[in-house]
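Q: Just final-v6.cif, nothing more (mmCIF, C-alpha atoms):
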data_coords
#
loop_
_atom_site.label_atom_id
_atom_site.label_comp_id
_atom_site.auth_asym_id
_atom_site.auth_seq_id
_atom_site.Cartn_x
_atom_site.Cartn_y
_atom_site.Cartn_z
CA MET A 1 14.36 78.72 -67.21
CA ALA A 2 14.43 77.70 -70.88
CA ASP A 3 12.10 74.88 -71.90
CA THR A 4 15.03 72.74 -73.03
CA ASP A 5 16.76 73.16 -69.67
CA GLN A 6 13.56 72.41 -67.77
CA ASN A 7 12.91 69.29 -69.85
CA ALA A 8 16.45 68.11 -69.14
CA LEU A 9 15.84 68.52 -65.40
CA LYS A 10 12.54 66.67 -65.63
CA ARG A 11 14.30 63.80 -67.39
CA ALA A 12 16.99 63.76 -64.72
CA ALA A 13 14.37 63.49 -61.97
CA ALA A 14 12.52 60.75 -63.83
CA ALA A 15 15.75 58.81 -64.39
CA ARG A 16 16.54 58.99 -60.67
CA ALA A 17 13.05 57.72 -59.88
CA LEU A 18 13.69 54.59 -61.93
CA GLU A 19 16.26 53.54 -59.33
CA TYR A 20 13.41 52.87 -56.89
CA VAL A 21 11.65 50.42 -59.23
CA LYS A 22 12.19 46.71 -58.62
CA ASP A 23 11.00 43.75 -60.68
CA GLY A 24 7.59 42.53 -59.55
CA MET A 25 6.37 45.85 -58.13
CA LYS A 26 2.88 47.29 -58.36
CA LEU A 27 3.15 50.93 -59.41
CA GLY A 28 0.90 53.97 -59.58
CA LEU A 29 1.57 56.13 -62.64
CA GLY A 30 0.93 59.84 -62.22
CA SER A 31 -0.20 62.49 -64.67
CA GLY A 32 1.52 65.47 -66.23
CA SER A 33 4.66 66.06 -68.26
CA THR A 34 7.22 64.78 -65.74
CA ALA A 35 5.19 61.69 -64.90
CA GLU A 36 4.81 60.95 -68.60
CA LEU A 37 8.59 61.13 -69.03
CA PHE A 38 8.86 58.58 -66.23
CA VAL A 39 6.41 56.26 -68.01
CA GLU A 40 8.39 56.57 -71.24
CA MET A 41 11.63 55.73 -69.43
CA LEU A 42 10.02 52.82 -67.59
CA ALA A 43 8.83 51.12 -70.79
CA PRO A 44 12.23 49.69 -71.89
CA ARG A 45 12.53 47.85 -68.58
CA VAL A 46 9.18 46.19 -69.21
CA ARG A 47 10.24 45.27 -72.73
CA GLY A 48 13.40 43.87 -71.16
CA GLY A 49 11.36 41.38 -69.16
CA GLU A 50 10.56 43.02 -65.84
CA LYS A 51 7.12 42.15 -64.48
CA LEU A 52 5.48 45.38 -63.40
CA LEU A 53 1.77 45.99 -62.88
CA CYS A 54 0.61 49.58 -63.16
CA VAL A 55 -2.38 51.70 -62.22
CA PRO A 56 -2.70 54.96 -64.19
CA THR A 57 -4.16 58.08 -62.59
CA SER A 58 -5.70 59.48 -65.78
CA GLU A 59 -7.05 58.36 -69.12
CA ARG A 60 -4.16 60.15 -70.84
CA THR A 61 -1.56 58.29 -68.77
CA ALA A 62 -3.41 55.03 -69.42
CA ALA A 63 -3.32 55.60 -73.18
CA LEU A 64 0.41 56.36 -73.12
CA ALA A 65 1.17 53.32 -70.96
CA ARG A 66 -0.80 51.00 -73.23
CA LYS A 67 0.95 52.40 -76.29
CA LEU A 68 4.33 51.68 -74.69
CA GLY A 69 3.39 48.13 -73.73
CA LEU A 70 3.00 48.47 -69.96
CA THR A 71 0.64 46.09 -68.18
CA LEU A 72 -2.27 47.95 -66.60
CA SER A 73 -4.73 46.88 -63.96
CA THR A 74 -7.24 48.50 -61.63
CA LEU A 75 -6.59 49.92 -58.20
CA ASP A 76 -9.23 47.64 -56.71
CA GLU A 77 -7.31 44.60 -57.98
CA LEU A 78 -3.82 45.74 -56.97
CA ALA A 79 -4.07 47.91 -53.84
CA PRO A 80 -2.01 48.50 -51.85
CA LEU A 81 0.53 49.58 -54.44
CA ASP A 82 4.26 49.59 -53.74
CA ILE A 83 5.00 53.09 -55.07
CA THR A 84 3.19 55.85 -56.90
CA PHE A 85 5.35 58.13 -59.03
CA ASP A 86 3.89 61.53 -59.80
CA GLY A 87 4.79 65.16 -60.36
CA ALA A 88 3.64 68.29 -58.53
CA ASP A 89 2.77 71.87 -59.31
CA GLU A 90 4.38 72.95 -56.04
CA ALA A 91 6.24 71.11 -53.28
CA ASP A 92 7.81 72.27 -50.03
CA ARG A 93 10.42 70.67 -47.81
CA ASN A 94 7.73 69.33 -45.50
CA LEU A 95 6.68 67.16 -48.47
CA ASP A 96 3.37 69.00 -48.78
CA LEU A 97 2.20 69.50 -52.35
CA ILE A 98 -0.20 71.35 -54.58
CA LYS A 99 -1.37 69.20 -57.49
CA GLY A 100 -4.18 69.36 -60.00
CA GLY A 101 -2.89 71.74 -62.64
CA GLY A 102 -3.73 69.05 -65.17
CA GLY A 103 -7.10 68.37 -63.57
CA MET A 104 -6.42 64.80 -62.37
CA LEU A 105 -6.09 65.51 -58.65
CA LEU A 106 -8.91 63.22 -57.47
CA ARG A 107 -7.60 60.04 -59.05
CA GLU A 108 -4.02 61.05 -58.29
CA LYS A 109 -4.83 61.39 -54.60
CA ILE A 110 -6.80 58.12 -54.46
CA VAL A 111 -3.94 56.19 -56.07
CA ALA A 112 -1.23 57.87 -53.97
CA ALA A 113 -3.16 57.24 -50.76
CA SER A 114 -3.44 53.58 -51.75
CA SER A 115 0.36 53.24 -52.03
CA ARG A 116 3.03 52.40 -49.48
CA ARG A 117 5.15 55.24 -50.88
CA MET A 118 4.60 58.31 -53.04
CA ILE A 119 7.69 59.55 -54.85
CA VAL A 120 7.37 63.00 -56.37
CA ILE A 121 9.56 63.83 -59.36
CA ALA A 122 10.03 67.48 -60.34
CA ASP A 123 12.48 70.12 -61.48
CA GLU A 124 13.74 72.74 -59.06
CA SER A 125 11.18 75.33 -60.18
CA LYS A 126 8.48 73.37 -58.32
CA LEU A 127 10.24 73.52 -54.93
CA VAL A 128 8.94 76.45 -52.87
CA ALA A 129 9.46 77.74 -49.36
CA ARG A 130 5.71 77.94 -48.82
CA LEU A 131 2.80 76.66 -50.88
CA GLY A 132 0.31 79.01 -52.47
CA LYS A 133 1.76 80.89 -55.42
CA PHE A 134 0.19 78.26 -57.68
CA PRO A 135 -3.63 78.53 -57.58
CA LEU A 136 -5.16 75.71 -55.54
CA PRO A 137 -7.46 73.48 -57.64
CA VAL A 138 -10.70 72.43 -55.95
CA GLU A 139 -12.84 69.78 -57.65
CA VAL A 140 -16.61 70.14 -57.23
CA VAL A 141 -19.66 68.32 -58.52
CA GLU A 142 -21.41 70.11 -61.38
CA PHE A 143 -24.80 70.13 -59.66
CA GLY A 144 -25.24 73.41 -57.84
CA HIS A 145 -21.61 74.37 -58.37
CA LYS A 146 -22.27 78.11 -58.18
CA ALA A 147 -23.81 77.66 -54.74
CA THR A 148 -20.91 75.39 -53.78
CA VAL A 149 -18.34 78.00 -54.73
CA GLN A 150 -20.15 80.62 -52.63
CA ARG A 151 -19.84 78.33 -49.61
CA LEU A 152 -16.23 77.63 -50.53
CA ALA A 153 -15.44 81.36 -50.67
CA ALA A 154 -17.03 81.84 -47.25
CA SER A 155 -15.00 78.97 -45.84
CA LEU A 156 -11.77 80.39 -47.26
CA ALA A 157 -12.57 83.80 -45.81
CA ALA A 158 -13.12 82.17 -42.41
CA GLN A 159 -9.66 80.61 -42.78
CA GLY A 160 -8.16 84.08 -43.15
CA PHE A 161 -7.93 84.37 -46.93
CA ALA A 162 -9.25 87.84 -47.69
CA ASN A 163 -11.00 88.24 -51.05
CA PRO A 164 -9.83 84.96 -52.60
CA THR A 165 -10.22 84.72 -56.38
CA LEU A 166 -12.06 81.53 -57.41
CA THR A 167 -12.11 80.90 -61.16
CA LEU A 168 -14.02 78.15 -62.95
CA ARG A 169 -11.50 76.34 -65.14
CA GLN A 170 -12.28 76.46 -68.85
CA LYS A 171 -11.18 74.40 -71.83
CA ASP A 172 -12.18 75.10 -75.44
CA ASP A 173 -14.62 77.81 -74.35
CA ALA A 174 -16.50 75.45 -72.05
CA PRO A 175 -16.11 74.38 -68.41
CA PHE A 176 -13.26 71.88 -68.00
CA LYS A 177 -14.47 68.41 -66.99
CA THR A 178 -12.28 66.00 -65.06
CA ASP A 179 -12.06 62.30 -65.92
CA SER A 180 -14.70 61.81 -63.22
CA GLY A 181 -17.05 64.36 -64.80
CA ASN A 182 -16.57 67.11 -62.22
CA LEU A 183 -15.64 70.79 -62.46
CA ILE A 184 -12.57 72.57 -61.07
CA TYR A 185 -12.31 75.98 -59.46
CA ASP A 186 -8.78 77.39 -59.30
CA CYS A 187 -8.37 79.35 -56.07
CA ALA A 188 -5.75 82.10 -55.98
CA LEU A 189 -4.99 82.34 -52.27
CA GLY A 190 -1.40 83.40 -51.80
CA ALA A 191 0.75 81.91 -49.06
CA ILE A 192 -0.80 78.91 -47.31
CA GLN A 193 0.35 78.77 -43.70
CA LYS A 194 -1.42 75.58 -42.59
CA PRO A 195 -2.04 73.29 -45.57
CA ALA A 196 -3.57 70.39 -43.61
CA ALA A 197 -6.04 72.61 -41.75
CA LEU A 198 -7.00 74.39 -44.95
CA GLY A 199 -7.55 71.09 -46.73
CA ALA A 200 -9.85 69.82 -43.98
CA ALA A 201 -11.90 73.03 -44.09
CA ILE A 202 -12.29 72.83 -47.86
CA LEU A 203 -13.42 69.20 -47.75
CA ALA A 204 -16.10 70.12 -45.20
CA VAL A 205 -17.89 72.26 -47.83
CA PRO A 206 -20.85 70.34 -49.33
CA GLY A 207 -20.33 69.88 -53.07
CA VAL A 208 -16.54 69.74 -52.85
CA VAL A 209 -15.18 66.40 -54.05
CA GLU A 210 -11.45 66.94 -53.45
CA HIS A 211 -8.73 69.58 -53.42
CA GLY A 212 -5.16 69.75 -54.68
CA LEU A 213 -3.43 69.92 -51.30
CA PHE A 214 -1.52 66.69 -50.74
CA THR A 215 -0.46 66.66 -47.09
CA GLY A 216 1.02 63.67 -45.31
CA ILE A 217 0.99 61.58 -48.50
CA ALA A 218 4.31 62.09 -50.28
CA THR A 219 7.27 60.21 -48.79
CA THR A 220 10.10 61.32 -51.10
CA LEU A 221 10.79 64.32 -53.31
CA LEU A 222 13.26 64.03 -56.17
CA ILE A 223 14.09 67.61 -57.15
CA ALA A 224 16.34 68.03 -60.17
CA GLY A 225 18.64 71.03 -60.36
CA PRO A 226 21.73 71.69 -62.48
CA GLY A 227 24.14 68.82 -61.97
CA GLU A 228 22.23 66.92 -59.29
CA VAL A 229 18.94 65.48 -58.11
CA GLU A 230 18.22 66.38 -54.48
CA VAL A 231 16.46 63.71 -52.44
CA ILE A 232 14.15 65.05 -49.72
CA GLU A 233 12.57 62.50 -47.40
CA LYS A 234 10.62 62.44 -44.19
#
Go ahead and render the structure in this file as structure tokens.

A:
Amino acid sequence: MADTDQNALKRAAAARALEYVKDGMKLGLGSGSTAELFVEMLAPRVRGGEKLLCVPTSERTAALARKLGLTLSTLDELAPLDITFDGADEADRNLDLIKGGGGMLLREKIVAASSRRMIVIADESKLVARLGKFPLPVEVVEFGHKATVQRLAASLAAQGFANPTLTLRQKDDAPFKTDSGNLIYDCALGAIQKPAALGAAILAVPGVVEHGLFTGIATTLLIAGPGEVEVIEK
């Protein structure tokens, strides 16, 4: 898919998401290119007088929202939120997701779990029959991370993933650090049969902070394809 076509689909999904926003709502603002398009399209409604309070899931989203004049607050002050709008690296029709390609999965999951609804906006390339083609991000504390990843590999093997490839994420020739100061290992696993069970097993590994499997959190998928935005709901 050409970049221009994909951007058009992202914009279509973001525009559809705006239909769910009502004056006076408390919103979670996700991270990534599609979520940023949503923030940009939300700004004119705020300038038009709508009273919306927003919680960003990353420092980058916060900077964009401030630049566009959105009113930001903290999750502790606003929870529970009405809706969180976010993208996904992969989504299936069970509304299970893989997120974290941008490294913001911890805050994204905290904000989404603190919301009455999570609406996922994406183009059709992100909709898959089964999760797992996209490497699963796992966030770990820096202390002892090499020992942590050994335990993680053993746990994955026990879950039936033979010889998983776990790669420490890099940025500018150094380990990538999340907004919370942690590291990320990207785990190439292949097809994930039982996302919820896998997520629970990963979280049981000491040193793991969070993983990019979002199960039982999303309530609506807005998937943009040529000519239409498909709405998938529980």

Q: Distance table requested - region 4-26 of chain A against region 53-56 of chain A, cut-off 12 Å, all atoms listed in the file: one row per qualifying residue with the closest atom pair and its distance in Å to one decimal, ordered by chain and rising residue number, as a Markdown table.

A:
| residue | atom | partner | partner_atom | distance |
| --- | --- | --- | --- | --- |
| A:Val21 | CA | A:Leu53 | CA | 11.4 |
| A:Lys22 | CA | A:Leu53 | CA | 11.3 |
| A:Asp23 | CA | A:Leu53 | CA | 9.7 |
| A:Gly24 | CA | A:Leu53 | CA | 7.5 |
| A:Met25 | CA | A:Leu53 | CA | 6.6 |
| A:Lys26 | CA | A:Leu53 | CA | 4.8 |

Q: Out of A:Pro137, A:Gly69, A:Gly30, A:Gly160, which residue has the shortest atom-to-atom distance to Ile98 (chain A) when counting all atoms listed in the file?

A: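 Among A:Pro137, A:Gly69, A:Gly30, A:Gly160, it is A:Pro137 that comes nearest to Ile98 (chain A).
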
Q: One number please: CA of Asp89 (chain A) to CA of Val205 (chain A), in Å, one decimal.

A: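 Interatomic distance, CA of Asp89 (chain A) to CA of Val205 (chain A): 23.6 Å.
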
Q: Of the residues A:Ala35, A:Ser114, A:Lys126, A:Thr219, which is the one nearest to Leu78 (chain A), using only C-alpha atoms?

A: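 Comparing A:Ala35, A:Ser114, A:Lys126, A:Thr219 against Leu78 (chain A), the winner is A:Ser114.
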
Q: Compare A:Ala129, A:Leu9, A:Leu29, A:Ile192 by their minimum atom-to-atom distance to Lys109 (chain A), counting only C-alpha atoms, and give me the closest one.

A: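 Closest residue, counting only C-alpha atoms: A:Leu29.
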
Q: Determine the nearest neighbour of Ala65 (chain A) from the options A:Gln6, A:Ser180, A:Gln159, A:Ser31, counting all atoms listed in the file.

A: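 Residue with the minimum atom-to-atom distance to Ala65 (chain A): A:Ser31.
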
Q: To test the calculation: enclose all listed atoms of region 114-118 of chain A in a box whose edges run along x, y and z, add 6 Å on each side, then state centre and edge lengths in Å to one decimal, as lines of an AutoDock Vina configuration file.

A:
center_x = 0.9
center_y = 55.4
center_z = -51.3
size_x = 20.6
size_y = 17.9
size_z = 15.6

Q: Quick one: region 105-128 of chain A with N, CA and C atoms, as a tab-separated table (two decimals), in the coordinates of the input?

A:
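Wrote rebuild.tsv, looks like this:
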chain	number	residue	atom	x	y	z
A	105	LEU	N	-6.44	65.60	-60.07
A	105	LEU	CA	-6.09	65.51	-58.65
A	105	LEU	C	-6.86	64.45	-57.88
A	106	LEU	N	-8.12	64.20	-58.21
A	106	LEU	CA	-8.91	63.22	-57.47
A	106	LEU	C	-8.32	61.83	-57.61
A	107	ARG	N	-8.14	61.38	-58.84
A	107	ARG	CA	-7.60	60.04	-59.05
A	107	ARG	C	-6.15	59.96	-58.58
A	108	GLU	N	-5.40	61.05	-58.76
A	108	GLU	CA	-4.02	61.05	-58.29
A	108	GLU	C	-3.96	60.84	-56.78
A	109	LYS	N	-4.86	61.50	-56.06
A	109	LYS	CA	-4.83	61.39	-54.60
A	109	LYS	C	-5.31	60.00	-54.15
A	110	ILE	N	-6.31	59.45	-54.81
A	110	ILE	CA	-6.80	58.12	-54.46
A	110	ILE	C	-5.69	57.08	-54.65
A	111	VAL	N	-4.99	57.17	-55.79
A	111	VAL	CA	-3.94	56.19	-56.07
A	111	VAL	C	-2.77	56.38	-55.11
A	112	ALA	N	-2.36	57.62	-54.88
A	112	ALA	CA	-1.23	57.87	-53.97
A	112	ALA	C	-1.55	57.41	-52.55
A	113	ALA	N	-2.78	57.64	-52.11
A	113	ALA	CA	-3.16	57.24	-50.76
A	113	ALA	C	-3.28	55.73	-50.62
A	114	SER	N	-3.35	55.04	-51.75
A	114	SER	CA	-3.44	53.58	-51.75
A	114	SER	C	-2.07	52.93	-51.97
A	115	SER	N	-1.00	53.71	-51.79
A	115	SER	CA	0.36	53.24	-52.03
A	115	SER	C	1.19	53.31	-50.76
A	116	ARG	N	2.13	52.39	-50.65
A	116	ARG	CA	3.03	52.40	-49.48
A	116	ARG	C	3.95	53.61	-49.52
A	117	ARG	N	4.29	54.08	-50.72
A	117	ARG	CA	5.15	55.24	-50.88
A	117	ARG	C	4.63	56.09	-52.03
A	118	MET	N	4.83	57.40	-51.92
A	118	MET	CA	4.60	58.31	-53.04
A	118	MET	C	5.90	59.06	-53.29
A	119	ILE	N	6.46	58.87	-54.47
A	119	ILE	CA	7.69	59.55	-54.85
A	119	ILE	C	7.34	60.63	-55.87
A	120	VAL	N	7.68	61.85	-55.53
A	120	VAL	CA	7.37	63.00	-56.37
A	120	VAL	C	8.60	63.38	-57.17
A	121	ILE	N	8.45	63.51	-58.47
A	121	ILE	CA	9.56	63.83	-59.36
A	121	ILE	C	9.28	65.20	-59.98
A	122	ALA	N	10.26	66.11	-59.88
A	122	ALA	CA	10.03	67.48	-60.34
A	122	ALA	C	11.36	68.18	-60.58
A	123	ASP	N	11.30	69.26	-61.34
A	123	ASP	CA	12.48	70.12	-61.48
A	123	ASP	C	12.46	71.16	-60.38
A	124	GLU	N	13.56	71.84	-60.20
A	124	GLU	CA	13.74	72.74	-59.06
A	124	GLU	C	12.76	73.90	-59.03
A	125	SER	N	12.13	74.22	-60.16
A	125	SER	CA	11.18	75.33	-60.18
A	125	SER	C	9.93	75.02	-59.36
A	126	LYS	N	9.68	73.75	-59.07
A	126	LYS	CA	8.48	73.37	-58.32
A	126	LYS	C	8.69	73.38	-56.81
A	127	LEU	N	9.95	73.51	-56.37
A	127	LEU	CA	10.24	73.52	-54.93
A	127	LEU	C	10.10	74.94	-54.40
A	128	VAL	N	9.23	75.12	-53.41
A	128	VAL	CA	8.94	76.45	-52.87
A	128	VAL	C	9.13	76.44	-51.35
